[in-house]
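Text of run.pdb, listed as PDB, C-alpha atoms and all ligand atoms:
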ATOM      1  CA  MET A   1    -148.852 116.175 269.959
ATOM      2  CA  LYS A   2    -147.019 114.953 266.852
ATOM      3  CA  GLU A   3    -143.236 114.858 267.265
ATOM      4  CA  PRO A   4    -141.474 117.119 264.740
ATOM      5  CA  LEU A   5    -139.060 115.579 262.254
ATOM      6  CA  LEU A   6    -136.094 117.427 263.761
ATOM      7  CA  ARG A   7    -135.855 118.907 267.229
ATOM      8  CA  VAL A   8    -132.898 121.026 268.325
ATOM      9  CA  ALA A   9    -133.077 121.323 272.114
ATOM     10  CA  HIS A  10    -130.903 123.705 274.170
ATOM     11  CA  LEU A  11    -127.997 123.043 271.807
ATOM     12  CA  ARG A  12    -124.597 124.437 272.783
ATOM     13  CA  LYS A  13    -121.188 124.316 271.148
ATOM     14  CA  TYR A  14    -118.254 125.941 272.939
ATOM     15  CA  TYR A  15    -114.742 125.828 271.505
ATOM     16  CA  PRO A  16    -111.811 126.134 273.943
ATOM     17  CA  PHE A  17    -109.556 129.082 273.164
ATOM     18  CA  THR A  18    -105.941 128.281 273.985
ATOM     19  CA  ARG A  19    -102.584 130.082 274.120
ATOM     20  CA  GLY A  20     -98.991 129.110 274.873
ATOM     21  CA  VAL A  21     -96.259 127.359 272.888
ATOM     22  CA  LEU A  22     -98.183 124.077 272.837
ATOM     23  CA  PHE A  23    -101.604 125.749 272.860
ATOM     24  CA  THR A  24    -102.388 124.005 276.158
ATOM     25  CA  ARG A  25    -103.184 127.090 278.259
ATOM     26  CA  MET A  26    -106.932 127.613 278.027
ATOM     27  CA  ILE A  27    -107.859 131.274 278.285
ATOM     28  CA  GLY A  28    -111.531 131.111 277.437
ATOM     29  CA  GLU A  29    -114.269 129.626 275.308
ATOM     30  CA  VAL A  30    -115.846 130.702 272.062
ATOM     31  CA  LYS A  31    -119.578 130.193 272.498
ATOM     32  CA  ALA A  32    -120.361 129.559 268.833
ATOM     33  CA  VAL A  33    -123.828 128.185 269.627
ATOM     34  CA  ASP A  34    -125.297 129.001 273.017
ATOM     35  CA  ASP A  35    -128.541 127.321 274.077
ATOM     36  CA  ILE A  36    -130.678 127.358 270.944
ATOM     37  CA  SER A  37    -133.913 125.426 270.354
ATOM     38  CA  PHE A  38    -136.134 125.019 267.292
ATOM     39  CA  THR A  39    -138.013 122.342 265.337
ATOM     40  CA  ILE A  40    -138.540 121.448 261.681
ATOM     41  CA  ASP A  41    -141.551 119.419 260.499
ATOM     42  CA  ALA A  42    -141.455 116.961 257.589
ATOM     43  CA  GLY A  43    -141.765 118.681 254.222
ATOM     44  CA  ARG A  44    -141.137 122.164 255.670
ATOM     45  CA  THR A  45    -138.285 124.655 255.288
ATOM     46  CA  LEU A  46    -136.647 126.544 258.123
ATOM     47  CA  GLY A  47    -134.406 129.469 257.157
ATOM     48  CA  LEU A  48    -131.423 130.181 259.415
ATOM     49  CA  VAL A  49    -130.024 133.674 258.928
ATOM     50  CA  GLY A  50    -127.500 136.064 260.443
ATOM     51  CA  GLU A  51    -124.110 137.629 259.712
ATOM     52  CA  SER A  52    -121.026 135.435 259.469
ATOM     53  CA  GLY A  53    -119.940 134.436 262.969
ATOM     54  CA  CYS A  54    -123.523 134.239 264.256
ATOM     55  CA  GLY A  55    -123.365 130.447 264.691
ATOM     56  CA  LYS A  56    -125.474 129.259 261.753
ATOM     57  CA  THR A  57    -122.675 127.180 260.176
ATOM     58  CA  THR A  58    -121.819 125.538 263.521
ATOM     59  CA  THR A  59    -125.515 124.769 264.012
ATOM     60  CA  SER A  60    -125.691 123.028 260.643
ATOM     61  CA  LYS A  61    -122.508 121.029 261.420
ATOM     62  CA  LEU A  62    -124.040 119.864 264.706
ATOM     63  CA  ILE A  63    -127.211 118.786 262.896
ATOM     64  CA  LEU A  64    -125.121 116.971 260.263
ATOM     65  CA  ASP A  65    -123.248 115.192 263.093
ATOM     66  CA  LEU A  66    -119.961 116.679 261.867
ATOM     67  CA  GLU A  67    -119.382 118.278 265.292
ATOM     68  CA  GLN A  68    -120.229 117.043 268.793
ATOM     69  CA  PRO A  69    -122.286 119.396 270.978
ATOM     70  CA  THR A  70    -121.031 120.740 274.308
ATOM     71  CA  GLY A  71    -124.592 120.405 275.600
ATOM     72  CA  GLY A  72    -128.166 119.958 274.472
ATOM     73  CA  GLN A  73    -129.459 117.557 271.850
ATOM     74  CA  VAL A  74    -130.453 117.060 268.246
ATOM     75  CA  LEU A  75    -133.361 114.602 267.869
ATOM     76  CA  LEU A  76    -134.788 113.003 264.719
ATOM     77  CA  ASP A  77    -138.361 111.740 265.133
ATOM     78  CA  GLY A  78    -137.901 112.181 268.890
ATOM     79  CA  ARG A  79    -134.726 110.053 269.117
ATOM     80  CA  PRO A  80    -131.184 111.304 269.787
ATOM     81  CA  ILE A  81    -129.302 111.184 266.489
ATOM     82  CA  HIS A  82    -126.772 108.583 267.673
ATOM     83  CA  ALA A  83    -129.668 106.193 268.332
ATOM     84  CA  VAL A  84    -130.973 106.637 264.771
ATOM     85  CA  ARG A  85    -129.817 103.956 262.346
ATOM     86  CA  ASP A  86    -128.500 105.445 259.074
ATOM     87  CA  TYR A  87    -128.708 109.022 260.405
ATOM     88  CA  ARG A  88    -126.029 110.113 257.930
ATOM     89  CA  ALA A  89    -128.171 108.808 255.064
ATOM     90  CA  LEU A  90    -131.352 110.403 256.406
ATOM     91  CA  VAL A  91    -129.800 113.850 256.861
ATOM     92  CA  GLN A  92    -127.839 115.104 253.854
ATOM     93  CA  ALA A  93    -126.275 118.400 252.778
ATOM     94  CA  VAL A  94    -125.837 120.550 249.683
ATOM     95  CA  PHE A  95    -123.137 123.190 249.964
ATOM     96  CA  GLN A  96    -122.653 126.586 248.380
ATOM     97  CA  ASP A  97    -119.865 125.769 245.958
ATOM     98  CA  PRO A  98    -120.403 122.610 243.887
ATOM     99  CA  TRP A  99    -116.843 123.017 242.516
ATOM    100  CA  SER A 100    -115.347 122.153 245.884
ATOM    101  CA  SER A 101    -117.964 119.556 246.863
ATOM    102  CA  LEU A 102    -117.831 117.496 243.624
ATOM    103  CA  ASN A 103    -114.808 115.293 242.950
ATOM    104  CA  PRO A 104    -113.447 116.466 239.552
ATOM    105  CA  ARG A 105    -112.112 112.965 238.760
ATOM    106  CA  MET A 106    -115.493 111.271 239.101
ATOM    107  CA  THR A 107    -118.307 111.239 236.551
ATOM    108  CA  ALA A 108    -121.643 112.705 237.546
ATOM    109  CA  GLY A 109    -123.062 109.192 237.724
ATOM    110  CA  ARG A 110    -120.321 108.007 240.094
ATOM    111  CA  ILE A 111    -120.776 111.081 242.310
ATOM    112  CA  ILE A 112    -124.526 110.505 242.562
ATOM    113  CA  ALA A 113    -124.020 106.764 243.173
ATOM    114  CA  GLU A 114    -121.548 107.227 246.072
ATOM    115  CA  SER A 115    -123.964 106.561 248.940
ATOM    116  CA  LEU A 116    -125.642 103.692 247.042
ATOM    117  CA  ILE A 117    -122.285 101.950 246.534
ATOM    118  CA  VAL A 118    -121.564 102.313 250.267
ATOM    119  CA  ALA A 119    -125.006 100.865 251.009
ATOM    120  CA  GLY A 120    -124.180  97.799 248.876
ATOM    121  CA  TRP A 121    -126.675  98.294 246.029
ATOM    122  CA  SER A 122    -126.265  96.139 242.885
ATOM    123  CA  ARG A 123    -124.880  97.701 239.681
ATOM    124  CA  ALA A 124    -128.202  97.423 237.862
ATOM    125  CA  LYS A 125    -130.142  99.055 240.691
ATOM    126  CA  ILE A 126    -127.572 101.843 240.972
ATOM    127  CA  ALA A 127    -127.723 102.577 237.219
ATOM    128  CA  ALA A 128    -131.516 102.773 237.331
ATOM    129  CA  ARG A 129    -131.535 105.005 240.426
ATOM    130  CA  VAL A 130    -128.879 107.356 238.976
ATOM    131  CA  SER A 131    -130.913 107.788 235.758
ATOM    132  CA  GLU A 132    -134.040 108.459 237.814
ATOM    133  CA  LEU A 133    -132.225 111.040 239.976
ATOM    134  CA  LEU A 134    -130.707 112.843 236.980
ATOM    135  CA  GLU A 135    -134.186 113.256 235.521
ATOM    136  CA  HIS A 136    -135.549 114.261 238.938
ATOM    137  CA  VAL A 137    -133.150 117.245 239.020
ATOM    138  CA  GLY A 138    -133.753 118.216 235.375
ATOM    139  CA  LEU A 139    -130.710 116.574 233.735
ATOM    140  CA  ARG A 140    -130.567 113.768 231.158
ATOM    141  CA  PRO A 141    -129.664 110.163 232.095
ATOM    142  CA  GLU A 142    -126.907 110.086 229.414
ATOM    143  CA  GLN A 143    -125.152 112.944 231.250
ATOM    144  CA  ALA A 144    -124.117 110.401 233.915
ATOM    145  CA  THR A 145    -120.856 109.800 231.994
ATOM    146  CA  GLN A 146    -119.785 113.485 231.995
ATOM    147  CA  TYR A 147    -117.326 115.057 234.449
ATOM    148  CA  PRO A 148    -118.075 118.112 236.642
ATOM    149  CA  HIS A 149    -116.059 120.514 234.407
ATOM    150  CA  GLU A 150    -118.393 119.669 231.507
ATOM    151  CA  PHE A 151    -121.378 121.158 233.363
ATOM    152  CA  SER A 152    -122.425 124.746 234.101
ATOM    153  CA  GLY A 153    -122.532 126.013 237.709
ATOM    154  CA  GLY A 154    -126.285 125.460 237.927
ATOM    155  CA  GLN A 155    -125.970 121.924 236.522
ATOM    156  CA  ARG A 156    -123.210 121.103 239.031
ATOM    157  CA  GLN A 157    -125.504 122.183 241.847
ATOM    158  CA  ARG A 158    -128.195 119.867 240.389
ATOM    159  CA  ILE A 159    -125.689 116.984 240.502
ATOM    160  CA  ALA A 160    -124.889 117.796 244.156
ATOM    161  CA  LEU A 161    -128.619 117.786 244.878
ATOM    162  CA  ALA A 162    -129.103 114.441 243.074
ATOM    163  CA  GLY A 163    -126.259 112.977 245.162
ATOM    164  CA  ALA A 164    -127.919 114.253 248.350
ATOM    165  CA  LEU A 165    -131.277 112.782 247.300
ATOM    166  CA  ALA A 166    -129.849 109.345 246.423
ATOM    167  CA  SER A 167    -130.289 107.899 249.924
ATOM    168  CA  ARG A 168    -133.871 109.239 250.216
ATOM    169  CA  PRO A 169    -133.111 111.701 253.039
ATOM    170  CA  ARG A 170    -135.765 113.125 255.374
ATOM    171  CA  LEU A 171    -133.856 116.397 255.826
ATOM    172  CA  ILE A 172    -131.334 118.270 253.663
ATOM    173  CA  VAL A 173    -129.154 121.074 255.028
ATOM    174  CA  LEU A 174    -128.889 123.625 252.214
ATOM    175  CA  ASP A 175    -125.879 125.796 252.975
ATOM    176  CA  GLU A 176    -126.127 128.895 250.759
ATOM    177  CA  PRO A 177    -127.392 126.679 247.895
ATOM    178  CA  VAL A 178    -127.826 129.414 245.271
ATOM    179  CA  SER A 179    -125.464 132.204 246.284
ATOM    180  CA  ALA A 180    -122.621 130.942 244.031
ATOM    181  CA  LEU A 181    -124.946 130.707 241.015
ATOM    182  CA  ASP A 182    -125.652 133.320 238.342
ATOM    183  CA  VAL A 183    -128.619 135.488 239.299
ATOM    184  CA  SER A 184    -130.366 134.303 236.116
ATOM    185  CA  ILE A 185    -130.446 130.660 237.253
ATOM    186  CA  ARG A 186    -131.050 131.135 240.982
ATOM    187  CA  ALA A 187    -134.833 131.150 240.526
ATOM    188  CA  GLN A 188    -134.664 127.891 238.531
ATOM    189  CA  MET A 189    -132.705 126.206 241.311
ATOM    190  CA  MET A 190    -135.046 127.499 244.032
ATOM    191  CA  ASN A 191    -138.084 126.283 242.060
ATOM    192  CA  LEU A 192    -136.436 122.897 241.574
ATOM    193  CA  LEU A 193    -135.817 122.631 245.332
ATOM    194  CA  LYS A 194    -139.461 123.502 246.004
ATOM    195  CA  ASP A 195    -140.737 120.974 243.431
ATOM    196  CA  ILE A 196    -138.566 118.225 244.918
ATOM    197  CA  GLN A 197    -139.781 119.086 248.408
ATOM    198  CA  ALA A 198    -143.422 118.834 247.266
ATOM    199  CA  GLN A 199    -142.788 115.454 245.603
ATOM    200  CA  ASP A 200    -140.492 113.835 248.199
ATOM    201  CA  ASP A 201    -141.807 115.459 251.424
ATOM    202  CA  VAL A 202    -138.208 116.263 252.342
ATOM    203  CA  ALA A 203    -137.516 119.012 254.916
ATOM    204  CA  TYR A 204    -134.863 121.695 254.392
ATOM    205  CA  LEU A 205    -132.715 123.664 256.802
ATOM    206  CA  LEU A 206    -131.793 126.623 254.609
ATOM    207  CA  VAL A 207    -128.661 128.402 255.851
ATOM    208  CA  ALA A 208    -128.308 131.717 254.049
ATOM    209  CA  HIS A 209    -127.381 135.355 254.407
ATOM    210  CA  ASP A 210    -129.537 136.308 251.418
ATOM    211  CA  LEU A 211    -132.927 137.227 252.843
ATOM    212  CA  ALA A 212    -134.601 137.264 249.422
ATOM    213  CA  THR A 213    -133.813 133.539 249.001
ATOM    214  CA  VAL A 214    -134.961 132.768 252.534
ATOM    215  CA  ARG A 215    -138.194 134.721 252.082
ATOM    216  CA  TYR A 216    -139.000 132.792 248.893
ATOM    217  CA  MET A 217    -138.078 129.357 250.218
ATOM    218  CA  ALA A 218    -138.678 129.209 253.969
ATOM    219  CA  ASP A 219    -141.872 128.568 255.946
ATOM    220  CA  ASP A 220    -140.262 129.804 259.174
ATOM    221  CA  ILE A 221    -137.162 131.853 259.930
ATOM    222  CA  VAL A 222    -134.689 131.802 262.809
ATOM    223  CA  VAL A 223    -132.419 134.834 263.168
ATOM    224  CA  MET A 224    -129.159 134.296 265.073
ATOM    225  CA  TYR A 225    -126.735 136.788 266.586
ATOM    226  CA  LEU A 226    -123.516 135.802 268.382
ATOM    227  CA  GLY A 227    -124.628 132.222 269.009
ATOM    228  CA  ARG A 228    -128.154 133.030 270.239
ATOM    229  CA  ILE A 229    -131.588 133.142 268.603
ATOM    230  CA  VAL A 230    -132.942 136.702 268.642
ATOM    231  CA  GLU A 231    -136.107 136.202 266.576
ATOM    232  CA  HIS A 232    -138.061 133.149 265.371
ATOM    233  CA  ALA A 233    -141.282 133.428 263.430
ATOM    234  CA  PRO A 234    -143.248 132.216 260.424
ATOM    235  CA  THR A 235    -141.754 133.899 257.338
ATOM    236  CA  ARG A 236    -144.848 135.988 256.578
ATOM    237  CA  ALA A 237    -145.096 137.250 260.168
ATOM    238  CA  LEU A 238    -141.420 138.110 260.282
ATOM    239  CA  PHE A 239    -141.503 140.181 257.092
ATOM    240  CA  ASP A 240    -144.884 141.834 257.870
ATOM    241  CA  ASP A 241    -144.160 142.580 261.525
ATOM    242  CA  VAL A 242    -140.413 142.504 262.117
ATOM    243  CA  ARG A 243    -139.726 143.037 265.841
ATOM    244  CA  HIS A 244    -136.073 142.639 266.790
ATOM    245  CA  PRO A 245    -133.790 145.616 265.988
ATOM    246  CA  TYR A 246    -131.149 143.244 264.573
ATOM    247  CA  THR A 247    -133.636 141.603 262.171
ATOM    248  CA  LYS A 248    -134.808 145.101 261.179
ATOM    249  CA  ALA A 249    -131.215 145.992 260.388
ATOM    250  CA  LEU A 250    -130.775 142.863 258.247
ATOM    251  CA  LEU A 251    -133.965 143.689 256.347
ATOM    252  CA  SER A 252    -133.033 147.355 255.988
ATOM    253  CA  ALA A 253    -129.833 146.266 254.243
ATOM    254  CA  VAL A 254    -131.646 144.392 251.473
ATOM    255  CA  LEU A 255    -135.148 145.779 251.049
ATOM    256  CA  PRO A 256    -136.428 149.192 249.885
ATOM    257  CA  PRO A 257    -137.148 151.509 252.885
ATOM    258  CA  ARG A 258    -140.936 151.227 252.436
ATOM    259  CA  VAL A 259    -140.745 147.441 252.844
ATOM    260  CA  ALA A 260    -137.948 147.434 255.354
ATOM    261  CA  GLY A 261    -139.900 149.528 257.798
ATOM    262  CA  GLY A 262    -139.689 153.162 256.630
ATOM    263  CA  GLU A 263    -138.644 155.384 259.471
ATOM    264  CA  ASP A 264    -137.781 152.315 261.513
ATOM    265  CA  GLU A 265    -135.009 151.499 259.098
ATOM    266  CA  ILE A 266    -131.781 150.615 260.903
ATOM    267  CA  VAL A 267    -128.343 150.766 259.376
ATOM    268  CA  LEU A 268    -125.921 148.393 261.076
ATOM    269  CA  THR A 269    -122.614 149.963 261.995
ATOM    270  CA  GLY A 270    -119.506 148.412 263.476
ATOM    271  CA  GLU A 271    -118.239 144.869 263.409
ATOM    272  CA  ILE A 272    -119.942 141.942 265.082
ATOM    273  CA  PRO A 273    -118.239 141.633 268.541
ATOM    274  CA  SER A 274    -115.894 138.710 269.225
ATOM    275  CA  PRO A 275    -117.741 135.554 270.326
ATOM    276  CA  LEU A 276    -114.792 134.977 272.695
ATOM    277  CA  ASP A 277    -115.854 138.006 274.674
ATOM    278  CA  PRO A 278    -119.509 138.724 273.875
ATOM    279  CA  PRO A 279    -121.013 141.898 275.358
ATOM    280  CA  PRO A 280    -122.806 141.423 278.707
ATOM    281  CA  GLY A 281    -126.584 141.785 278.855
ATOM    282  CA  CYS A 282    -128.087 141.871 275.361
ATOM    283  CA  ARG A 283    -125.341 140.755 272.985
ATOM    284  CA  PHE A 284    -126.610 143.245 270.376
ATOM    285  CA  HIS A 285    -126.467 146.257 272.698
ATOM    286  CA  THR A 286    -123.150 147.590 271.313
ATOM    287  CA  ARG A 287    -124.802 148.084 267.904
ATOM    288  CA  CYS A 288    -128.444 148.689 268.800
ATOM    289  CA  PRO A 289    -129.879 152.218 268.278
ATOM    290  CA  PHE A 290    -132.548 151.530 270.943
ATOM    291  CA  VAL A 291    -130.156 150.433 273.677
ATOM    292  CA  MET A 292    -131.391 151.153 277.240
ATOM    293  CA  ARG A 293    -129.562 150.917 280.542
ATOM    294  CA  ARG A 294    -131.146 147.555 281.277
ATOM    295  CA  CYS A 295    -129.815 146.121 277.983
ATOM    296  CA  THR A 296    -126.201 146.482 279.105
ATOM    297  CA  HIS A 297    -126.468 144.053 282.005
ATOM    298  CA  GLU A 298    -129.657 141.988 281.647
ATOM    299  CA  GLU A 299    -129.872 139.439 278.844
ATOM    300  CA  PRO A 300    -133.351 139.398 277.229
ATOM    301  CA  MET A 301    -134.998 135.971 277.093
ATOM    302  CA  LEU A 302    -136.698 134.658 273.969
ATOM    303  CA  ARG A 303    -140.429 135.116 274.556
ATOM    304  CA  GLU A 304    -143.632 135.070 272.533
ATOM    305  CA  ALA A 305    -144.359 138.642 271.393
ATOM    306  CA  ALA A 306    -147.281 137.490 269.193
ATOM    307  CA  PRO A 307    -148.691 133.997 268.552
ATOM    308  CA  GLY A 308    -145.828 131.887 267.187
ATOM    309  CA  HIS A 309    -143.519 134.934 267.015
ATOM    310  CA  LEU A 310    -140.561 134.734 269.442
ATOM    311  CA  VAL A 311    -138.338 137.738 270.158
ATOM    312  CA  ALA A 312    -135.442 138.315 272.558
ATOM    313  CA  CYS A 313    -135.538 142.065 273.237
ATOM    314  CA  HIS A 314    -136.390 144.226 276.261
ATOM    315  CA  LEU A 315    -138.502 146.462 274.002
ATOM    316  CA  GLU A 316    -141.027 143.612 273.989
ATOM    317  CA  GLY A 317    -141.593 144.012 277.731
TER     318      GLY A 317
HETATM  319 FE1  LIG B 401    -131.613 146.652 271.544
HETATM  320 FE2  LIG B 401    -131.978 146.402 274.168
HETATM  321 FE3  LIG B 401    -133.530 145.076 272.462
HETATM  322 FE4  LIG B 401    -131.001 144.400 272.782
HETATM  323  S1  LIG B 401    -132.602 144.263 274.327
HETATM  324  S2  LIG B 401    -132.064 144.563 270.871
HETATM  325  S3  LIG B 401    -130.025 146.387 273.075
HETATM  326  S4  LIG B 401    -133.391 147.291 272.716
END
Produce structure tokens that represent the structure in this file.
Ligand code: SF4
Amino acid sequence: MKEPLLRVAHLRKYYPFTRGVLFTRMIGEVKAVDDISFTIDAGRTLGLVGESGCGKTTTSKLILDLEQPTGGQVLLDGRPIHAVRDYRALVQAVFQDPWSSLNPRMTAGRIIAESLIVAGWSRAKIAARVSELLEHVGLRPEQATQYPHEFSGGQRQRIALAGALASRPRLIVLDEPVSALDVSIRAQMMNLLKDIQAQDDVAYLLVAHDLATVRYMADDIVVMYLGRIVEHAPTRALFDDVRHPYTKALLSAVLPPRVAGGEDEIVLTGEIPSPLDPPPGCRFHTRCPFVMRRCTHEEPMLREAAPGHLVACHLEG
């Protein structure tokens, strides 16, 4: 069987929680990511969704090699990421707010050229590649001399994308890539991302809380709650046949009742529990309207409820 581009295998990230004057007394661990597994194929998009604190940002940091895992592995083309030459060039990121990710003292051209300079490219080759990338993201080559404040929000995000594409990555982590943009230009940016994916065969890990964006962009969706995956399915299957009560609640919050599941609609109440002290059994049981006795002490495993559709809930048997 063909090895996927990216494999996340039993990945865990626990942060020690300390107290005391010198913060040396460990009183517990925050299980930000707790034994998650998924794959992404070349040229495909996986959406990673959940409320803040669910572990999606930590997952993307582990994939970007910005954090070291407590356990488990991230593999690119079947090899552990530290054995992959130029991993940092092959896996890039575009963040939510281009204001904070673009250096205001650098021209757009210099920002885009950053990784090429590090890689030792010649001036002439860099200039040609920067012009090509500006056109690739719908800007003009002469705009290379302008500074970030001279661009609109959507144009700044295009510059961030051009910078990410400079090193010809195989995977880009898109962390809320359109949520800081005006609603009127979100569709343009999403279409641009799709066009670039079709041309460059690049894969995306799309981290977002906005399910409309994820539905439009992603081929498959992973839903996380308190560090665990609760549902994982192809996008169409997830929206047509949503299974996990938490995913239903997320959909109920954004879609009209008819689409969200009619009488099945679930309104989430209460805060997400602390990851330092997650509830025993099913971690969602303190907020789930279908909670049963078993849910309070027995953690449901992720199992196939329909072909390719994984769910972690005792309602699935
Ligand atoms: Fe709700 Fe129980 Fe399913 Fe958890 S396992 S989502 S508490 S029904």
What do you get, as a ChimeraX atom specification, if you spell out every residue that the PyMOL selection byres (((chain A and resi 57) around 10) and not hetatm) selects here?
/A:32-33,48-49,52-56,58-63,175,207-208
Once the PyMOL selection byres (((not hetatm)) within 9 of (chain B and resi 401)) has been evaluated on this model, what residues remain selected, and can you format them as a list in words?
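Evaluating the PyMOL selection byres (((not hetatm)) within 9 of (chain B and resi 401)) on this file yields Val230, His244, Pro245, Tyr246, Gly281, Cys282, Arg283, Phe284, His285, Thr286, Arg287, Cys288, Pro289, Phe290, Val291, Met292, Arg293, Arg294, Cys295, Thr296, Glu298, Glu299, Pro300, Ala312, Cys313, His314, Leu315 and Glu316 of chain A.
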For the PyMOL selection byres (((chain A and resi 102-108) around 9) and not hetatm), applied here, can you spell out every residue it catches as a CSV table (one decimal) with C-alpha atoms, in the coordinates of the input?
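Result file part30.csv:
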chain,number,residue,atom,x,y,z
A,97,ASP,CA,-119.9,125.8,246.0
A,98,PRO,CA,-120.4,122.6,243.9
A,99,TRP,CA,-116.8,123.0,242.5
A,100,SER,CA,-115.3,122.2,245.9
A,101,SER,CA,-118.0,119.6,246.9
A,109,GLY,CA,-123.1,109.2,237.7
A,110,ARG,CA,-120.3,108.0,240.1
A,111,ILE,CA,-120.8,111.1,242.3
A,112,ILE,CA,-124.5,110.5,242.6
A,113,ALA,CA,-124.0,106.8,243.2
A,143,GLN,CA,-125.2,112.9,231.2
A,144,ALA,CA,-124.1,110.4,233.9
A,145,THR,CA,-120.9,109.8,232.0
A,146,GLN,CA,-119.8,113.5,232.0
A,147,TYR,CA,-117.3,115.1,234.4
A,148,PRO,CA,-118.1,118.1,236.6
A,149,HIS,CA,-116.1,120.5,234.4
A,156,ARG,CA,-123.2,121.1,239.0
A,159,ILE,CA,-125.7,117.0,240.5
A,160,ALA,CA,-124.9,117.8,244.2
A,163,GLY,CA,-126.3,113.0,245.2
Quick one: residues within 8 Å of Ala198 (chain A), all atoms listed in the file counted, chain neighbours fewer than 4 positions away excluded, as a PyMOL selection string?
chain A and resi 43+194+202
Given the selection you just returned, output its residues as a file containing C-alpha atoms, formatted as a short mmCIF file (atom, residue, chain, number, x, y, z; two decimals), in the coordinates of the input.
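Result went into part.cif, see below:
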data_model
loop_
_atom_site.label_atom_id
_atom_site.label_comp_id
_atom_site.auth_asym_id
_atom_site.auth_seq_id
_atom_site.Cartn_x
_atom_site.Cartn_y
_atom_site.Cartn_z
CA GLY A 43 -141.76 118.68 254.22
CA LYS A 194 -139.46 123.50 246.00
CA VAL A 202 -138.21 116.26 252.34
#
Polymer residues at most 6 Å from His232 (chain A), all atoms listed in the file, same-chain spacing of 6 or more positions, as a ChimeraX atom specification
/A:221-222,309-310
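Nearest to Glu132 (chain A) of all the residues A:Ala162, A:Pro169, A:Leu116, A:Ile40 is A:Ala162, based on only C-alpha atoms.
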Give me the residues near Gly138 (chain A) as a list of chain:residue names, where near means some atom within 12 Å (using all atoms listed in the file) and where sequence neighbours in that chain fewer than 3 positions away do not count.
A:Ser131, A:Glu132, A:Leu133, A:Leu134, A:Glu135, A:Pro141, A:Gln143, A:Gly154, A:Gln155, A:Arg156, A:Gln157, A:Arg158, A:Ile159, A:Leu161, A:Ala162, A:Gln188, A:Met189, A:Asn191, A:Leu192, A:Leu193, A:Asp195, A:Ile196
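Of note, CA of Arg7 (chain A) and CA of Leu75 (chain A) are spaced 5.0 Å apart.
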Could you tell me which of A:Asp241, A:Asp41, A:Glu3, A:Glu150 comes closest to Tyr204 (chain A) if we count all atoms listed in the file?
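Checking each candidate against Tyr204 (chain A), we get A:Asp41 as the closest.
Nearest residue to Leu64 (chain A), choosing from A:Ala119, A:Ala166, A:Leu6, A:Ala187 and counting all atoms listed in the file: A:Leu6.
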In Å and to one decimal, CA of Asp35 (chain A) is distant from CA of Arg12 (chain A) by 5.1 Å
Determine the nearest neighbour of Val311 (chain A) from the options A:Glu231, A:Glu271, A:Glu51, A:Asp219, counting all atoms listed in the file.
A:Glu231
CA of Val74 (chain A) to CA of Ile172 (chain A), straight-line distance in Å
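Rounded to one decimal, the two atoms are 14.7 Å apart.
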Listed atoms of region 109-121 of chain A boxed along x, y and z, 6 Å each side, centre and edge lengths in Å, one decimal, as JSON:
{"center_x": -123.5, "center_y": 104.4, "center_z": 244.4, "size_x": 18.4, "size_y": 25.3, "size_z": 25.3}
Write out as JSON, numbers by chain which residues come within 7 Å of Leu205 (chain A) when counting all atoms listed in the file, dropping same-chain ones fewer than 6 positions away.
{"A": [45, 46, 47, 172, 173, 174]}
How would you write as a PyMOL selection string the residues that get within 12 Å of (-135.0, 135.1, 252.5) in the file's frame, counting only C-alpha atoms?
chain A and resi 45-50+176+178-179+190+206-223+234-236+238-239+247+250-251+254-255
N, CA and C atoms for region 137-146 of chain A, written as an mmCIF file, in the frame of the given file, could you do that?
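Okay, out-v3.cif is ready:
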data_model
loop_
_atom_site.group_PDB
_atom_site.id
_atom_site.type_symbol
_atom_site.label_atom_id
_atom_site.label_comp_id
_atom_site.auth_asym_id
_atom_site.auth_seq_id
_atom_site.Cartn_x
_atom_site.Cartn_y
_atom_site.Cartn_z
ATOM 1 N N VAL A 137 -133.723 115.895 238.842
ATOM 2 C CA VAL A 137 -133.150 117.245 239.020
ATOM 3 C C VAL A 137 -133.023 117.984 237.689
ATOM 4 N N GLY A 138 -133.706 117.494 236.642
ATOM 5 C CA GLY A 138 -133.753 118.216 235.375
ATOM 6 C C GLY A 138 -132.566 117.998 234.466
ATOM 7 N N LEU A 139 -131.812 116.910 234.651
ATOM 8 C CA LEU A 139 -130.710 116.574 233.735
ATOM 9 C C LEU A 139 -131.095 115.312 232.960
ATOM 10 N N ARG A 140 -130.244 114.951 231.971
ATOM 11 C CA ARG A 140 -130.567 113.768 231.158
ATOM 12 C C ARG A 140 -129.779 112.555 231.646
ATOM 13 N N PRO A 141 -130.363 111.361 231.616
ATOM 14 C CA PRO A 141 -129.664 110.163 232.095
ATOM 15 C C PRO A 141 -128.304 109.958 231.424
ATOM 16 N N GLU A 142 -128.186 110.301 230.112
ATOM 17 C CA GLU A 142 -126.907 110.086 229.414
ATOM 18 C C GLU A 142 -125.799 111.012 229.930
ATOM 19 N N GLN A 143 -126.173 112.043 230.701
ATOM 20 C CA GLN A 143 -125.152 112.944 231.250
ATOM 21 C C GLN A 143 -124.404 112.309 232.433
ATOM 22 N N ALA A 144 -124.794 111.107 232.817
ATOM 23 C CA ALA A 144 -124.117 110.401 233.915
ATOM 24 C C ALA A 144 -122.637 110.160 233.624
ATOM 25 N N THR A 145 -122.251 110.115 232.342
ATOM 26 C CA THR A 145 -120.856 109.800 231.994
ATOM 27 C C THR A 145 -119.982 111.049 231.918
ATOM 28 N N GLN A 146 -120.567 112.238 232.087
ATOM 29 C CA GLN A 146 -119.785 113.485 231.995
ATOM 30 C C GLN A 146 -119.142 113.834 233.341
#
